[in-house]
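Heads up: the structure comes next, in structure tokens.
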Amino acid sequence: MNTLDSLRAEFLAALAAAADREALAAVHQGWLGRKGRLQDLFKQMRELPAEERPAFGAQINVLKEELEAVFMARQEELLNREGVARVDLTLPGHPVRTGSLHPLQQILDRITGIFTRMGFTVEDGPEVETERYNFDMLNTPFWHPARMESDSLYLQQGHMLRTETSPVQIRVLEQVKPPVRIIAPGRVYRNDKPDASHSPMFMQVEGLYVDHGVTFADLKGTLLEFYRRMFGPDTRLRFRPHFFPFTEPSAEVDVSCIFCGGAGCRVCKHSGWLEMGGSGLVDPAVLTGVDLDPEEWTGFAFGLGVERMAMLLYGVDDIRLFYENDWRFLEQF
Ligand code: DAH
């Protein structure tokens, strides 16, 4: 037993003195290895009387386990210390990528910034809509071509993915009494095959102003002011007569080409104009549908394409890039 105690003491001293890998390896070999001191003990055991051997063998095993544990701890301590010393401070660091706002979000922020400064508030509506809000309440009869299965994405029980942000008009008018002055940006869905200018999901900004005596001149003034702040003070507007079920009269809105100023270029296909969206005066049928007297209240509405503005302002020629989320594209904004 004394042998075991002094062996332990010797081992601990040697281990404490071992300051590098080689010294450590030598300690392991000298004590715990196949020809080490503990192995010698097992040999010496044979010289003991037979009845003492089992107890002594058990003692050696306990000691061996103890020494191995102490050794492992010391080894780990040394390697850790070495690991720190091995850090090469001259190596270049790992780059930290900072995120950035998605280009569409940046355009949306500009749009909402302009309209809120003009007194509009921002409203929200569900992307899963009912046919009632997406079509019926917007004066779109059941036989209207926009309602065809081939154009819209229908869900169960009268639900669908909204094809336009216009249903937010109804939701707002059901909730608050005019005067109402809101915009509603958001995603809309159509059954379109993706290509450079089509995406089954895209964004619109709806606008609605209902008050006493709102006229088409208010619509023109509001949109002109908006587009001048968006595209620059020389921007001109053109309203082309059109038809939408929820406005009367209705018009499509063009802006003078932001690249050639209207002279004609490749982007505007030499017309001088760029199509931006739809607009009009709220149809009396829509107002009566939400219990507003069209003799008392009038309003204008518009729906503008967000990607269109982003593509023009950023010079992007494929709408799909906005939804692929390739960081090589996104990090450029
Ligand atoms: N909802 C129409 C569309 O998606 C756009 C639109 C046109 C919205 C005229 C309006 C409007 O509010 O007055 O094609």
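Residues in the structure tokens are named by chain (A, B, ... in the order shown) and by number from 1 within that chain; ligands are numbered from 1 in the order shown.
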
Checklist entry - Lys220 (chain A): which residues within 10 Å, counting only C-alpha atoms, same-chain residues fewer than 6 positions away excluded, as a VMD selection string? => result chain A and resid 226 237 to 239 253 279 to 280 300

Selection to disk with N, CA and C atoms, as a PDB file, in the first residue's frame:
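So out_32.pdb came out as:
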ATOM      1  N   PHE A 226     -48.200  62.851 -55.667  1.00  0.00           N
ATOM      2  CA  PHE A 226     -47.505  61.614 -55.283  1.00  0.00           C
ATOM      3  C   PHE A 226     -46.396  61.272 -56.285  1.00  0.00           C
ATOM      4  N   LEU A 237     -48.752  63.508 -65.753  1.00  0.00           N
ATOM      5  CA  LEU A 237     -49.686  62.376 -65.685  1.00  0.00           C
ATOM      6  C   LEU A 237     -50.640  62.385 -66.864  1.00  0.00           C
ATOM      7  N   ARG A 238     -51.104  61.204 -67.218  1.00  0.00           N
ATOM      8  CA  ARG A 238     -52.123  61.079 -68.264  1.00  0.00           C
ATOM      9  C   ARG A 238     -53.182  60.100 -67.762  1.00  0.00           C
ATOM     10  N   PHE A 239     -54.443  60.487 -67.837  1.00  0.00           N
ATOM     11  CA  PHE A 239     -55.540  59.596 -67.426  1.00  0.00           C
ATOM     12  C   PHE A 239     -56.242  59.091 -68.673  1.00  0.00           C
ATOM     13  N   VAL A 253     -53.839  55.193 -65.187  1.00  0.00           N
ATOM     14  CA  VAL A 253     -52.920  56.306 -64.948  1.00  0.00           C
ATOM     15  C   VAL A 253     -51.565  56.009 -65.589  1.00  0.00           C
ATOM     16  N   SER A 279     -57.620  53.847 -61.498  1.00  0.00           N
ATOM     17  CA  SER A 279     -58.178  54.841 -60.570  1.00  0.00           C
ATOM     18  C   SER A 279     -59.589  55.216 -61.000  1.00  0.00           C
ATOM     19  N   GLY A 280     -60.243  56.013 -60.199  1.00  0.00           N
ATOM     20  CA  GLY A 280     -61.558  56.493 -60.577  1.00  0.00           C
ATOM     21  C   GLY A 280     -62.303  57.073 -59.392  1.00  0.00           C
ATOM     22  N   PHE A 300     -62.693  59.174 -54.265  1.00  0.00           N
ATOM     23  CA  PHE A 300     -61.872  58.604 -55.341  1.00  0.00           C
ATOM     24  C   PHE A 300     -61.107  57.407 -54.796  1.00  0.00           C
TER      25      PHE A 300
END

Item to check | Non-local contacts of Cys260 (chain A) (10 Å; only C-alpha atoms; under 5 positions in same chain excluded) as a ChimeraX atom specification | outcome: /A:265-268,270,272-273

Output the selection as a compact mmCIF listing (two decimals), in the first residue's frame - N, CA, C and O atoms for each residue.
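Okay, part-v5.txt is ready:
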# COMPACT_ATOMS: atom_id res chain seq x y z
N CYS A 265 -38.44 56.22 -75.69
CA CYS A 265 -37.20 55.44 -75.56
C CYS A 265 -37.58 53.97 -75.49
O CYS A 265 -38.75 53.62 -75.62
N ARG A 266 -36.60 53.11 -75.27
CA ARG A 266 -36.88 51.67 -75.27
C ARG A 266 -37.80 51.29 -74.11
O ARG A 266 -38.70 50.47 -74.26
N VAL A 267 -37.55 51.89 -72.91
CA VAL A 267 -38.32 51.49 -71.73
C VAL A 267 -39.82 51.78 -71.92
O VAL A 267 -40.67 50.95 -71.59
N CYS A 268 -40.16 52.94 -72.49
CA CYS A 268 -41.57 53.28 -72.68
C CYS A 268 -42.07 52.84 -74.05
O CYS A 268 -43.15 53.24 -74.48
N HIS A 270 -41.23 53.77 -76.84
CA HIS A 270 -41.35 54.95 -77.72
C HIS A 270 -42.71 55.62 -77.67
O HIS A 270 -43.08 56.35 -78.58
N GLY A 272 -43.53 57.38 -74.76
CA GLY A 272 -43.36 58.50 -73.85
C GLY A 272 -44.08 58.32 -72.52
O GLY A 272 -43.93 59.14 -71.62
N TRP A 273 -44.89 57.25 -72.39
CA TRP A 273 -45.69 57.06 -71.18
C TRP A 273 -45.47 55.68 -70.56
O TRP A 273 -45.20 54.71 -71.25

Checklist entry - Can you tell me, as a list of chain:residue names, what residues are no more than 7 Å from Val205 (chain A) when counting only C-alpha atoms, ignoring any on the same chain fewer than 4 positions away? => result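 So, after excluding close chain neighbours, the residues are A:Thr165, A:Ile183, A:Ala184, A:Pro185, A:Gly186, A:Gly303, A:Leu304, A:Gly305, A:Val306.
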
Checklist outcome for this item: Judged by only C-alpha atoms and all ligand atoms, the minimum distance to ligand 1 among A:Tyr314, A:Phe259, A:Phe231, A:Phe135 is found for A:Phe135

Checklist entry - Of the candidates A:Ser6, A:Ser199, A:Ser152, A:Gln75, which one gets nearest to Leu24 (chain A) if we count only C-alpha atoms? => result A:Gln75

Find the residues near ligand 1. Use a cut-off of 7 Å, count only C-alpha atoms and all ligand atoms, and write them as a JSON list (two decimals) with all heavy atoms, in the first residue's frame.
[["chain", "number", "residue", "atom", "x", "y", "z"],
["A", 163, "THR", "N", -57.24, 39.14, -55.22],
["A", 163, "THR", "CA", -56.61, 39.45, -56.51],
["A", 163, "THR", "C", -56.22, 40.92, -56.59],
["A", 163, "THR", "O", -55.59, 41.35, -57.56],
["A", 163, "THR", "CB", -57.58, 39.16, -57.67],
["A", 163, "THR", "OG1", -58.78, 39.94, -57.47],
["A", 163, "THR", "CG2", -57.94, 37.69, -57.71],
["A", 164, "GLU", "N", -56.63, 41.70, -55.59],
["A", 164, "GLU", "CA", -56.38, 43.14, -55.59],
["A", 164, "GLU", "C", -56.49, 43.62, -54.15],
["A", 164, "GLU", "O", -57.03, 42.92, -53.29],
["A", 164, "GLU", "CB", -57.43, 43.85, -56.47],
["A", 164, "GLU", "CG", -58.84, 43.44, -56.10],
["A", 164, "GLU", "CD", -59.92, 43.89, -57.09],
["A", 164, "GLU", "OE1", -59.56, 44.43, -58.15],
["A", 164, "GLU", "OE2", -61.10, 43.70, -56.79],
["A", 165, "THR", "N", -55.97, 44.82, -53.88],
["A", 165, "THR", "CA", -56.08, 45.36, -52.52],
["A", 165, "THR", "C", -57.41, 46.10, -52.33],
["A", 165, "THR", "O", -57.72, 46.53, -51.22],
["A", 165, "THR", "CB", -54.90, 46.31, -52.22],
["A", 165, "THR", "OG1", -54.67, 47.13, -53.36],
["A", 165, "THR", "CG2", -53.65, 45.53, -51.87],
["A", 166, "SER", "N", -58.21, 46.20, -53.39],
["A", 166, "SER", "CA", -59.47, 46.95, -53.30],
["A", 166, "SER", "C", -60.43, 46.49, -52.19],
["A", 166, "SER", "O", -61.15, 47.33, -51.64],
["A", 166, "SER", "CB", -60.18, 46.91, -54.66],
["A", 166, "SER", "OG", -59.33, 47.41, -55.67],
["A", 206, "GLU", "N", -53.38, 50.34, -52.52],
["A", 206, "GLU", "CA", -54.72, 50.85, -52.73],
["A", 206, "GLU", "C", -54.82, 52.23, -52.09],
["A", 206, "GLU", "O", -54.17, 52.49, -51.07],
["A", 206, "GLU", "CB", -55.72, 49.90, -52.04],
["A", 206, "GLU", "CG", -57.15, 50.10, -52.44],
["A", 206, "GLU", "CD", -57.42, 49.54, -53.84],
["A", 206, "GLU", "OE1", -56.60, 48.76, -54.35],
["A", 206, "GLU", "OE2", -58.47, 49.90, -54.42],
["A", 207, "GLY", "N", -55.62, 53.09, -52.67],
["A", 207, "GLY", "CA", -55.87, 54.39, -52.05],
["A", 207, "GLY", "C", -57.36, 54.66, -52.05],
["A", 207, "GLY", "O", -58.08, 54.24, -52.96],
["A", 208, "LEU", "N", -57.85, 55.33, -51.01],
["A", 208, "LEU", "CA", -59.28, 55.66, -50.94],
["A", 208, "LEU", "C", -59.48, 56.95, -50.16],
["A", 208, "LEU", "O", -58.93, 57.13, -49.08],
["A", 208, "LEU", "CB", -60.04, 54.52, -50.23],
["A", 208, "LEU", "CG", -61.54, 54.78, -49.96],
["A", 208, "LEU", "CD1", -62.33, 54.73, -51.27],
["A", 208, "LEU", "CD2", -62.09, 53.76, -48.96],
["A", 244, "PHE", "N", -63.55, 50.02, -64.55],
["A", 244, "PHE", "CA", -63.44, 49.15, -63.38],
["A", 244, "PHE", "C", -64.82, 49.08, -62.76],
["A", 244, "PHE", "O", -65.55, 50.09, -62.74],
["A", 244, "PHE", "CB", -62.44, 49.71, -62.36],
["A", 244, "PHE", "CG", -61.02, 49.75, -62.87],
["A", 244, "PHE", "CD1", -60.45, 50.97, -63.22],
["A", 244, "PHE", "CD2", -60.26, 48.60, -63.00],
["A", 244, "PHE", "CE1", -59.13, 51.02, -63.69],
["A", 244, "PHE", "CE2", -58.96, 48.65, -63.47],
["A", 244, "PHE", "CZ", -58.40, 49.86, -63.82],
["A", 246, "PHE", "N", -65.79, 49.03, -59.77],
["A", 246, "PHE", "CA", -65.99, 49.75, -58.50],
["A", 246, "PHE", "C", -65.76, 51.24, -58.62],
["A", 246, "PHE", "O", -65.80, 51.95, -57.62],
["A", 246, "PHE", "CB", -65.09, 49.15, -57.43],
["A", 246, "PHE", "CG", -63.78, 48.60, -57.96],
["A", 246, "PHE", "CD1", -62.68, 49.42, -58.11],
["A", 246, "PHE", "CD2", -63.69, 47.28, -58.37],
["A", 246, "PHE", "CE1", -61.50, 48.92, -58.63],
["A", 246, "PHE", "CE2", -62.51, 46.77, -58.89],
["A", 246, "PHE", "CZ", -61.40, 47.59, -59.03],
["A", 247, "THR", "N", -65.46, 51.74, -59.82],
["A", 247, "THR", "CA", -65.31, 53.19, -60.00],
["A", 247, "THR", "C", -66.08, 53.64, -61.23],
["A", 247, "THR", "O", -66.27, 52.89, -62.19],
["A", 247, "THR", "CB", -63.82, 53.59, -60.18],
["A", 247, "THR", "OG1", -63.19, 52.65, -61.05],
["A", 247, "THR", "CG2", -63.11, 53.64, -58.85],
["A", 250, "SER", "N", -63.84, 55.70, -64.60],
["A", 250, "SER", "CA", -62.58, 55.03, -64.27],
["A", 250, "SER", "C", -61.50, 55.46, -65.26],
["A", 250, "SER", "O", -61.81, 55.84, -66.39],
["A", 250, "SER", "CB", -62.73, 53.51, -64.37],
["A", 250, "SER", "OG", -63.80, 53.05, -63.56],
["A", 277, "GLY", "N", -51.20, 52.20, -63.04],
["A", 277, "GLY", "CA", -52.29, 51.59, -62.28],
["A", 277, "GLY", "C", -53.65, 52.09, -62.68],
["A", 277, "GLY", "O", -53.80, 52.76, -63.71],
["A", 278, "GLY", "N", -54.65, 51.76, -61.85],
["A", 278, "GLY", "CA", -56.03, 52.15, -62.14],
["A", 278, "GLY", "C", -56.55, 53.13, -61.11],
["A", 278, "GLY", "O", -56.01, 53.23, -60.01],
["A", 279, "SER", "N", -57.62, 53.85, -61.50],
["A", 279, "SER", "CA", -58.18, 54.84, -60.57],
["A", 279, "SER", "C", -59.59, 55.22, -61.00],
["A", 279, "SER", "O", -60.07, 54.79, -62.05],
["A", 279, "SER", "CB", -57.30, 56.10, -60.57],
["A", 279, "SER", "OG", -57.40, 56.73, -61.83],
["A", 280, "GLY", "N", -60.24, 56.01, -60.20],
["A", 280, "GLY", "CA", -61.56, 56.49, -60.58],
["A", 280, "GLY", "C", -62.30, 57.07, -59.39],
["A", 280, "GLY", "O", -61.76, 57.16, -58.29],
["A", 281, "LEU", "N", -63.56, 57.46, -59.64],
["A", 281, "LEU", "CA", -64.42, 57.93, -58.55],
["A", 281, "LEU", "C", -65.24, 56.74, -58.06],
["A", 281, "LEU", "O", -65.79, 55.98, -58.86],
["A", 281, "LEU", "CB", -65.34, 59.05, -59.05],
["A", 281, "LEU", "CG", -64.65, 60.36, -59.45],
["A", 281, "LEU", "CD1", -65.68, 61.43, -59.77],
["A", 281, "LEU", "CD2", -63.70, 60.85, -58.36],
["A", 282, "VAL", "N", -65.30, 56.60, -56.76],
["A", 282, "VAL", "CA", -65.97, 55.44, -56.17],
["A", 282, "VAL", "C", -67.39, 55.31, -56.73],
["A", 282, "VAL", "O", -68.19, 56.27, -56.68],
["A", 282, "VAL", "CB", -66.00, 55.54, -54.64],
["A", 282, "VAL", "CG1", -66.69, 54.31, -54.03],
["A", 282, "VAL", "CG2", -64.59, 55.68, -54.08],
["A", 300, "PHE", "N", -62.69, 59.17, -54.26],
["A", 300, "PHE", "CA", -61.87, 58.60, -55.34],
["A", 300, "PHE", "C", -61.11, 57.41, -54.80],
["A", 300, "PHE", "O", -60.95, 57.25, -53.57],
["A", 300, "PHE", "CB", -60.95, 59.64, -55.99],
["A", 300, "PHE", "CG", -59.81, 60.17, -55.12],
["A", 300, "PHE", "CD1", -58.77, 59.33, -54.70],
["A", 300, "PHE", "CD2", -59.76, 61.52, -54.77],
["A", 300, "PHE", "CE1", -57.72, 59.82, -53.94],
["A", 300, "PHE", "CE2", -58.71, 62.02, -54.01],
["A", 300, "PHE", "CZ", -57.69, 61.16, -53.58],
["A", 301, "ALA", "N", -60.64, 56.56, -55.72],
["A", 301, "ALA", "CA", -59.86, 55.39, -55.33],
["A", 301, "ALA", "C", -58.81, 55.15, -56.40],
["A", 301, "ALA", "O", -58.94, 55.59, -57.54],
["A", 301, "ALA", "CB", -60.76, 54.16, -55.19],
["A", 302, "PHE", "N", -57.76, 54.47, -55.99],
["A", 302, "PHE", "CA", -56.74, 54.08, -56.96],
["A", 302, "PHE", "C", -56.04, 52.81, -56.51],
["A", 302, "PHE", "O", -56.09, 52.45, -55.32],
["A", 302, "PHE", "CB", -55.72, 55.20, -57.20],
["A", 302, "PHE", "CG", -55.04, 55.69, -55.95],
["A", 302, "PHE", "CD1", -53.96, 55.00, -55.40],
["A", 302, "PHE", "CD2", -55.47, 56.86, -55.33],
["A", 302, "PHE", "CE1", -53.33, 55.47, -54.25],
["A", 302, "PHE", "CE2", -54.85, 57.32, -54.17],
["A", 302, "PHE", "CZ", -53.78, 56.64, -53.63],
["A", 303, "GLY", "N", -55.44, 52.12, -57.46],
["A", 303, "GLY", "CA", -54.66, 50.92, -57.15],
["A", 303, "GLY", "C", -53.41, 50.94, -58.01],
["A", 303, "GLY", "O", -53.49, 50.95, -59.23],
["A", 304, "LEU", "N", -52.25, 51.00, -57.32],
["A", 304, "LEU", "CA", -50.99, 51.18, -58.05],
["A", 304, "LEU", "C", -50.09, 49.96, -57.91],
["A", 304, "LEU", "O", -50.09, 49.30, -56.86],
["A", 304, "LEU", "CB", -50.26, 52.41, -57.52],
["A", 304, "LEU", "CG", -51.10, 53.67, -57.33],
["A", 304, "LEU", "CD1", -50.28, 54.76, -56.67],
["A", 304, "LEU", "CD2", -51.66, 54.14, -58.66]]

Next on the checklist: Just list as JSON, numbers by chain whatever in region 57-297 of chain A DSSP marks as alpha helix (DSSP H).
Outcome noted: {"A": [57, 58, 59, 60, 61, 62, 63, 64, 65, 66, 67, 68, 69, 70, 71, 72, 73, 74, 75, 76, 77, 78, 79, 80, 81, 82, 83, 84, 85, 103, 104, 105, 106, 107, 108, 109, 110, 111, 112, 113, 114, 115, 116, 117, 131, 132, 133, 134, 167, 168, 169, 170, 171, 172, 173, 174, 175, 216, 217, 218, 219, 220, 221, 222, 223, 224, 225, 226, 227, 228, 229, 230, 231, 284, 285, 286, 287, 288, 289]}

Export of prior selection with C-alpha atoms as a JSON list (two decimals), in the first residue's frame:
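Below you can see selection_6.json, which holds the result:
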[["chain", "number", "residue", "atom", "x", "y", "z"],
["A", 57, "GLY", "CA", -5.04, -6.13, -7.90],
["A", 58, "ALA", "CA", -8.22, -4.23, -7.12],
["A", 59, "GLN", "CA", -6.17, -1.46, -5.46],
["A", 60, "ILE", "CA", -3.97, -1.10, -8.54],
["A", 61, "ASN", "CA", -7.01, -0.84, -10.79],
["A", 62, "VAL", "CA", -8.52, 1.89, -8.64],
["A", 63, "LEU", "CA", -5.23, 3.77, -8.70],
["A", 64, "LYS", "CA", -4.93, 3.33, -12.46],
["A", 65, "GLU", "CA", -8.35, 4.82, -13.06],
["A", 66, "GLU", "CA", -7.57, 7.72, -10.76],
["A", 67, "LEU", "CA", -4.27, 8.49, -12.47],
["A", 68, "GLU", "CA", -5.83, 8.26, -15.92],
["A", 69, "ALA", "CA", -8.50, 10.77, -14.95],
["A", 70, "VAL", "CA", -5.94, 13.19, -13.55],
["A", 71, "PHE", "CA", -3.85, 12.73, -16.69],
["A", 72, "MET", "CA", -6.76, 13.50, -19.02],
["A", 73, "ALA", "CA", -7.58, 16.66, -17.11],
["A", 74, "ARG", "CA", -3.99, 17.85, -17.26],
["A", 75, "GLN", "CA", -3.77, 17.01, -20.95],
["A", 76, "GLU", "CA", -6.88, 19.00, -21.72],
["A", 77, "GLU", "CA", -5.59, 21.96, -19.73],
["A", 78, "LEU", "CA", -2.32, 21.97, -21.69],
["A", 79, "LEU", "CA", -3.97, 21.58, -25.09],
["A", 80, "ASN", "CA", -6.39, 24.40, -24.35],
["A", 81, "ARG", "CA", -3.55, 26.68, -23.40],
["A", 82, "GLU", "CA", -1.73, 25.73, -26.59],
["A", 83, "GLY", "CA", -4.91, 26.34, -28.59],
["A", 84, "VAL", "CA", -4.99, 29.94, -27.43],
["A", 85, "ALA", "CA", -1.37, 30.39, -28.33],
["A", 103, "PRO", "CA", -35.93, 46.72, -52.37],
["A", 104, "LEU", "CA", -39.72, 46.38, -52.38],
["A", 105, "GLN", "CA", -39.83, 47.33, -48.71],
["A", 106, "GLN", "CA", -37.73, 50.40, -49.44],
["A", 107, "ILE", "CA", -40.13, 51.45, -52.19],
["A", 108, "LEU", "CA", -43.11, 50.75, -49.91],
["A", 109, "ASP", "CA", -41.55, 52.91, -47.20],
["A", 110, "ARG", "CA", -41.20, 55.78, -49.67],
["A", 111, "ILE", "CA", -44.78, 55.35, -50.91],
["A", 112, "THR", "CA", -46.29, 55.25, -47.43],
["A", 113, "GLY", "CA", -44.06, 58.14, -46.37],
["A", 114, "ILE", "CA", -45.40, 60.37, -49.15],
["A", 115, "PHE", "CA", -49.06, 59.46, -48.59],
["A", 116, "THR", "CA", -48.94, 59.75, -44.81],
["A", 117, "ARG", "CA", -47.46, 63.24, -45.16],
["A", 131, "GLU", "CA", -65.42, 36.40, -52.77],
["A", 132, "ARG", "CA", -67.89, 38.75, -51.17],
["A", 133, "TYR", "CA", -65.23, 41.35, -50.32],
["A", 134, "ASN", "CA", -62.97, 40.69, -53.29],
["A", 167, "PRO", "CA", -61.41, 44.81, -50.73],
["A", 168, "VAL", "CA", -59.64, 46.83, -48.02],
["A", 169, "GLN", "CA", -61.78, 49.78, -49.22],
["A", 170, "ILE", "CA", -64.90, 47.87, -48.20],
["A", 171, "ARG", "CA", -63.47, 46.67, -44.89],
["A", 172, "VAL", "CA", -62.52, 50.22, -43.95],
["A", 173, "LEU", "CA", -65.82, 51.78, -45.06],
["A", 174, "GLU", "CA", -67.70, 49.19, -43.00],
["A", 175, "GLN", "CA", -65.72, 50.19, -39.92],
["A", 216, "PHE", "CA", -61.89, 63.87, -60.11],
["A", 217, "ALA", "CA", -59.70, 66.97, -59.73],
["A", 218, "ASP", "CA", -58.82, 65.81, -56.20],
["A", 219, "LEU", "CA", -57.79, 62.44, -57.63],
["A", 220, "LYS", "CA", -55.62, 64.07, -60.29],
["A", 221, "GLY", "CA", -54.03, 66.46, -57.82],
["A", 222, "THR", "CA", -53.28, 63.74, -55.28],
["A", 223, "LEU", "CA", -51.72, 61.35, -57.77],
["A", 224, "LEU", "CA", -49.77, 64.12, -59.51],
["A", 225, "GLU", "CA", -48.31, 65.21, -56.18],
["A", 226, "PHE", "CA", -47.50, 61.61, -55.28],
["A", 227, "TYR", "CA", -45.74, 60.80, -58.55],
["A", 228, "ARG", "CA", -43.82, 64.08, -58.54],
["A", 229, "ARG", "CA", -42.43, 63.23, -55.11],
["A", 230, "MET", "CA", -41.74, 59.69, -56.28],
["A", 231, "PHE", "CA", -40.20, 60.33, -59.70],
["A", 284, "PRO", "CA", -72.33, 54.84, -56.13],
["A", 285, "ALA", "CA", -73.16, 51.13, -55.93],
["A", 286, "VAL", "CA", -70.09, 50.56, -53.75],
["A", 287, "LEU", "CA", -71.12, 53.39, -51.42],
["A", 288, "THR", "CA", -74.71, 52.14, -51.01],
["A", 289, "GLY", "CA", -73.29, 48.65, -50.34]]

Item to check | strand (DSSP E or B) call set, DSSP backbone run, region 45-210 of chain A, as a ChimeraX atom specification | outcome: /A:121-122,128-130,154,159-161,180-189,195,198,201-210

Selection file, C-alpha atoms, as an mmCIF file, in the first residue's frame:
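Listed below is the output, selection_18.cif:
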data_model
loop_
_atom_site.group_PDB
_atom_site.id
_atom_site.type_symbol
_atom_site.label_atom_id
_atom_site.label_comp_id
_atom_site.auth_asym_id
_atom_site.auth_seq_id
_atom_site.Cartn_x
_atom_site.Cartn_y
_atom_site.Cartn_z
ATOM 1 C CA THR A 121 -53.347 56.580 -42.857
ATOM 2 C CA VAL A 122 -52.105 53.072 -43.614
ATOM 3 C CA VAL A 128 -57.162 35.291 -47.733
ATOM 4 C CA GLU A 129 -60.364 37.105 -48.672
ATOM 5 C CA THR A 130 -63.939 36.152 -49.285
ATOM 6 C CA TYR A 154 -59.852 30.039 -55.113
ATOM 7 C CA HIS A 159 -62.638 32.070 -49.867
ATOM 8 C CA MET A 160 -59.849 33.039 -52.222
ATOM 9 C CA LEU A 161 -56.452 34.725 -52.316
ATOM 10 C CA VAL A 180 -61.867 58.447 -44.811
ATOM 11 C CA ARG A 181 -58.401 58.879 -46.249
ATOM 12 C CA ILE A 182 -56.387 55.645 -46.390
ATOM 13 C CA ILE A 183 -53.857 53.707 -48.365
ATOM 14 C CA ALA A 184 -53.559 49.927 -48.142
ATOM 15 C CA PRO A 185 -50.338 48.365 -49.379
ATOM 16 C CA GLY A 186 -50.155 44.592 -49.619
ATOM 17 C CA ARG A 187 -49.700 41.380 -51.521
ATOM 18 C CA VAL A 188 -52.185 40.190 -54.122
ATOM 19 C CA TYR A 189 -52.395 36.903 -56.025
ATOM 20 C CA ASP A 195 -42.160 35.473 -66.486
ATOM 21 C CA HIS A 198 -45.624 38.493 -64.340
ATOM 22 C CA MET A 201 -47.840 37.163 -56.195
ATOM 23 C CA PHE A 202 -47.169 40.870 -56.396
ATOM 24 C CA MET A 203 -47.902 44.075 -54.522
ATOM 25 C CA GLN A 204 -50.359 46.903 -54.890
ATOM 26 C CA VAL A 205 -51.042 50.081 -53.003
ATOM 27 C CA GLU A 206 -54.718 50.855 -52.726
ATOM 28 C CA GLY A 207 -55.872 54.391 -52.050
ATOM 29 C CA LEU A 208 -59.282 55.656 -50.936
ATOM 30 C CA TYR A 209 -60.597 59.076 -50.076
ATOM 31 C CA VAL A 210 -64.288 59.525 -49.249
#

Checklist entry - Mind pulling up the distance from CA of Arg46 (chain A) to CA of Gly30 (chain A)? => result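 Rounded to one decimal, the two atoms are 21.0 Å apart.
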
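In this model, the gap between CA of Arg236 (chain A) and CA of Asp211 (chain A) comes to 26.2 Å.
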
Checklist entry - In terms of the shortest atom-to-atom distance over only C-alpha atoms, which of A:Cys257, A:Pro194, A:Val290, A:Phe322 is closest to Ala310 (chain A)? => result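 Nearest to Ala310 (chain A): A:Phe322.
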
Item to check | Pick from A:Gly213, A:Pro241, A:Gly299, A:Gly315, whichever lies nearest to Ile258 (chain A) using only C-alpha atoms | outcome: A:Gly315

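Minimum atom-to-atom distances from A:Gln332, A:Thr298, A:Gln29, A:Thr90 to Val214 (chain A) were compared using only C-alpha atoms, and the lowest value belongs to A:Thr298.
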
Item to check | Shell around Ala14 (chain A) at 9 Å using only C-alpha atoms, local window under 5 positions removed, as a list in words | outcome: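 Non-adjacent residues within range: Ala9, Ala23, Leu24 and Val27 of chain A.
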
Residues just named, written with C-alpha atoms as an mmCIF file, in the first residue's frame:
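Output file part08.cif is given in full below:
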data_model
loop_
_atom_site.group_PDB
_atom_site.id
_atom_site.type_symbol
_atom_site.label_atom_id
_atom_site.label_comp_id
_atom_site.auth_asym_id
_atom_site.auth_seq_id
_atom_site.Cartn_x
_atom_site.Cartn_y
_atom_site.Cartn_z
ATOM 1 C CA ALA A 9 2.842 11.123 -5.360
ATOM 2 C CA ALA A 23 6.693 15.720 -21.666
ATOM 3 C CA LEU A 24 3.070 14.699 -21.312
ATOM 4 C CA VAL A 27 4.597 10.702 -18.453
#

Checklist entry - Can you tell me how far CA of Asp317 (chain A) sits from CA of Ala196 (chain A), in Å to one decimal? => result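 Distance reported for this atom pair: 7.0 Å.
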
Item to check | Polymer residues at most 10 Å from Trp327 (chain A), only C-alpha atoms, same-chain spacing of 3 or more positions, as a PyMOL selection string | outcome: chain A and resi 99-100+324+330-332

Checklist entry - For Arg308 (chain A), which residue among A:Asn139, A:Glu295, A:Val255, A:Arg328 is the nearest when counting only C-alpha atoms? => result A:Val255
